[in-house]
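Below is one structure, written out as structure tokens, with a few remarks after it.
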Amino acid sequence: MDLKEKLVSSFMAFEDGLDLDHPVHEERSSAIKNFETKGFPTKKDEAWKYTSLRGLEKIDFSIFPKHETTLEYKDVKKYFLHEIDTYKIVFVDGVYSSYLSETTHDGVDVCLMSSAFSKPMFKQVIEVYFNKAASKDESLTSLNTAFSKEGAYIYIPKNKMPKKPIQILHLATGKEPALMLQPRNLIVAEDNAEVQIIERHQSLTGNEVFTNSVTEIFAGKDAIVDYYKVQNDEPTASLVDNTYISQKDSSVVRVHTFSLGGKLIRNNLNFYQNGERIDSTLKGITILGDKQHVDHHTLVHHAQPNCESHQDYKGIFGDSSTGVFNGKIIVDKIAQKTDAFQQNNNILLSDKSTINSKPQLEIFADDVKCSHGCTIGQLDDEALFYLRSRGIPKKEAKALLMYAFANNVLESVRIPELKLRINKIIADKLGVRMGFDL
Amino acid sequence: MLEIKNLHASVDDKEILKGINLKVNAGEVHAIMGPNGSGKSTLAEVIAGQEEFEVGEGSILLEGEDLEELSPEERAHKGVFLSFQYPVEIPGVSVTNFMKTAINESRKAQGLEDMPANEMLKKIREKSEMLEIDRKFLSRSLNEGFSGGEKKRNEIFQMAMMEPKLAILDETDSGLDIDALRIVSNGVNKLRSKDNAIIVITHYQRLLEYIVPDFVHVLYNGKIVKSGTKELALELEEKGYDWLKEEAAV
């Protein structure tokens, strides 16, 4: 049985434990139908031309974990941003771990999708927001919607801001030889609310993990959302991250994606600007080696006038790693005075690494500023010589140049400890120890 | 200190240095002048170990040791310093952190511990004051957004920090206004000692009024065609290079 059949046929068993009268359930039912019709995307789909899921489809993934596992905090501490106090929503093999988590209902709700689905107090929010930004057409998003049950639920009411940043951590213990996870997150920041979120997926062993995640983010008027995705997983862990962001007037949403490790990573990052004077920022650093593969598909849909978007993705590809950047910008006819900026710069460190970079601009308004640029190159030899002539060895000099290349993406990270941590991960990846924190 | 014997160097099969002979003793300042494209910057980079150039015949000896097999960083560890004509911008790495890294890497190569932080700070303060560099400047990203003059001053600051045995200043005067030229030259003069040597590459006599050379050489078409004392620089200023080109052609 291939993975698609297995998933479709287990839907009935999944339904068993659920409230079938819940309005969400209708969404699940129609979603599984869509997935059944479409199946997994293949290389024939334009959007999946360079990323194949065939290899994953052949693996016999457990769809629901059989075991419940507890973990000691000390064993997984390093995966947390433990340097600062944060709220934490932690899942172990897809199951919520109250022991490792720190949730709150104190003025803001930082808790679980399973509670949000079942408790009456959240019913209204679920009705207004759940599955309203996510695609009903895209098959992997439908697959996630069909099995949506657990994940992070974050609701920040009007004018509120949580006392501290929120971490969402998904741990896979390797108890199953191969495990598929489908977390579903809903994040709502109402008018003038503010929130900072860090999301990480981490496998603890070399067993196969395939995560198909969907996150919906709603930013109300003047809301500010900072979302950081830390993708530094094991070489046997694959991730398809589908994120849908809906913004209202004058809101600011910034998503930083750090793709530093994993087997196959596909980021579908979609911004919908449903208001004026919106600011959307999409930034990414990708540093890969071995046979790793990362595919960034971004979409910014400018649907109203006077909005901005800033995209800046930097990629460094070594060994036989492969990268894709596909940045789509749609500017509707009424979206005059749009300012859309897109940049994708890449460095190839070896002859075997590749990057496919493609801007896709669909502009229907006539008074807009849209700029895009893409570069693919190698490390600058002159710059390398400059550093080496100061006594800095070749390896360290290369690392410094790579760091300098990626640096402006890090500059907009608003949690200093996170920035330091990313710097450390990057330094580790580049195999250098600098005399200072990169 | 430095002895260059019959040095040939080429890039992409095009020979640029065609047999250079130069001897620089400790305590001396040598100026190398010459028209554009004569090979001045190539000579500087070849001494510093730029791998882009193919070194053919000849040798470069630093204190009697052949540099041929040494990487640029190893040459730096041995005391070679090149002040670049076009310093490179490194965003995200401050001048201070860059200097710490450079100095401690050199110390590591010599089997020494990292320089203690307070000693490093003291040295940075001392040298930046000498070159009249604002403290704020030191926490800025290396060369990023620096004016031409700031870049050059920063190069000499690095020289002061690294205390090289042999410093090669490649057109350090270009991009400097008269005040900056004076500050930079004063800095260089303070760094002059009986134990080190300096090679100044320049187009203009102007710099040599401040950094007075012991010897002046004219490089033309990959060869040193004339050597003399500082009076030669004045003569060049007056007469240009054409008479030397003619002389060389004979």
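Following the order of the structure tokens, first chain is A, next is B, and so on, with residues numbered from 1 inside each chain and ligands from 1 in the order they appear.
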Self-check item: All alpha helix (DSSP H) positions in range 85-227 of chain B, as a PyMOL selection string
Solution: chain B and resi 95-109+117-130+135-138+148-162+178-191+205-210
Quiz item: Contacts of Val24 in chain B at 9 Å or less, counting only C-alpha atoms, minus same-chain residues fewer than 5 places along, as a PyMOL selection string?
Solution: chain B and resi 1-4+29-30+197-199
Quiz item: If you count only C-alpha atoms, which residues fall within 10 Å of Lys194 in chain B, apart from same-chain ones fewer than 3 positions away, as JSON, numbers by chain?
Solution: {"B": [25, 26, 27, 28, 191, 197]}
Exercise. May I have the residues within 7 Å of Phe364 in chain A as a ChimeraX atom specification, using only C-alpha atoms and disregarding those fewer than 3 positions away in the same chain?
Key: /A:331-333
Please, could you write that set of residues out with N, CA and C atoms as a PDB file, in the first residue's frame?
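Written output follows (selection33.pdb):
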ATOM      1  N   VAL A 331       0.096  41.335  -8.157  1.00  0.00           N
ATOM      2  CA  VAL A 331      -0.399  42.668  -7.808  1.00  0.00           C
ATOM      3  C   VAL A 331      -1.721  42.870  -8.551  1.00  0.00           C
ATOM      4  N   ASP A 332      -2.794  42.906  -7.788  1.00  0.00           N
ATOM      5  CA  ASP A 332      -4.119  43.073  -8.398  1.00  0.00           C
ATOM      6  C   ASP A 332      -4.256  44.461  -9.018  1.00  0.00           C
ATOM      7  N   LYS A 333      -5.242  44.578  -9.895  1.00  0.00           N
ATOM      8  CA  LYS A 333      -5.450  45.832 -10.605  1.00  0.00           C
ATOM      9  C   LYS A 333      -5.696  47.013  -9.662  1.00  0.00           C
TER      10      LYS A 333
END
Exercise. Pick out the chain A residues within 10 Å of chain B. Count only C-alpha atoms. Give them as a PyMOL selection string.
Key: chain A and resi 380-394+396-397+400-408+410-411+434-438
Quiz prompt | Who sits within 8 Å of Gly187 in chain B, only C-alpha atoms, same chain under 4 positions skipped, as a list in words | solution = Met130, Leu131, Ile156, Ala160, Ile183 and Leu191 of chain B
Those residues with N, CA and C atoms, as a JSON list (two decimals), in the first residue's frame please?
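Written out: part-v9.json:
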[["chain", "number", "residue", "atom", "x", "y", "z"],
["B", 130, "MET", "N", 46.10, 56.95, 17.69],
["B", 130, "MET", "CA", 47.22, 57.36, 16.85],
["B", 130, "MET", "C", 46.75, 57.78, 15.45],
["B", 131, "LEU", "N", 45.75, 57.07, 14.96],
["B", 131, "LEU", "CA", 45.26, 57.38, 13.61],
["B", 131, "LEU", "C", 44.01, 58.26, 13.64],
["B", 156, "ILE", "N", 45.61, 51.23, 7.54],
["B", 156, "ILE", "CA", 46.80, 51.57, 8.31],
["B", 156, "ILE", "C", 46.59, 51.25, 9.80],
["B", 160, "ALA", "N", 48.92, 48.93, 12.03],
["B", 160, "ALA", "CA", 49.40, 49.29, 13.36],
["B", 160, "ALA", "C", 49.11, 48.17, 14.35],
["B", 183, "ILE", "N", 47.44, 62.48, 8.52],
["B", 183, "ILE", "CA", 47.22, 61.58, 9.65],
["B", 183, "ILE", "C", 47.77, 60.18, 9.35],
["B", 191, "LEU", "N", 55.17, 54.03, 12.85],
["B", 191, "LEU", "CA", 55.37, 52.57, 12.82],
["B", 191, "LEU", "C", 56.74, 52.18, 12.26]]
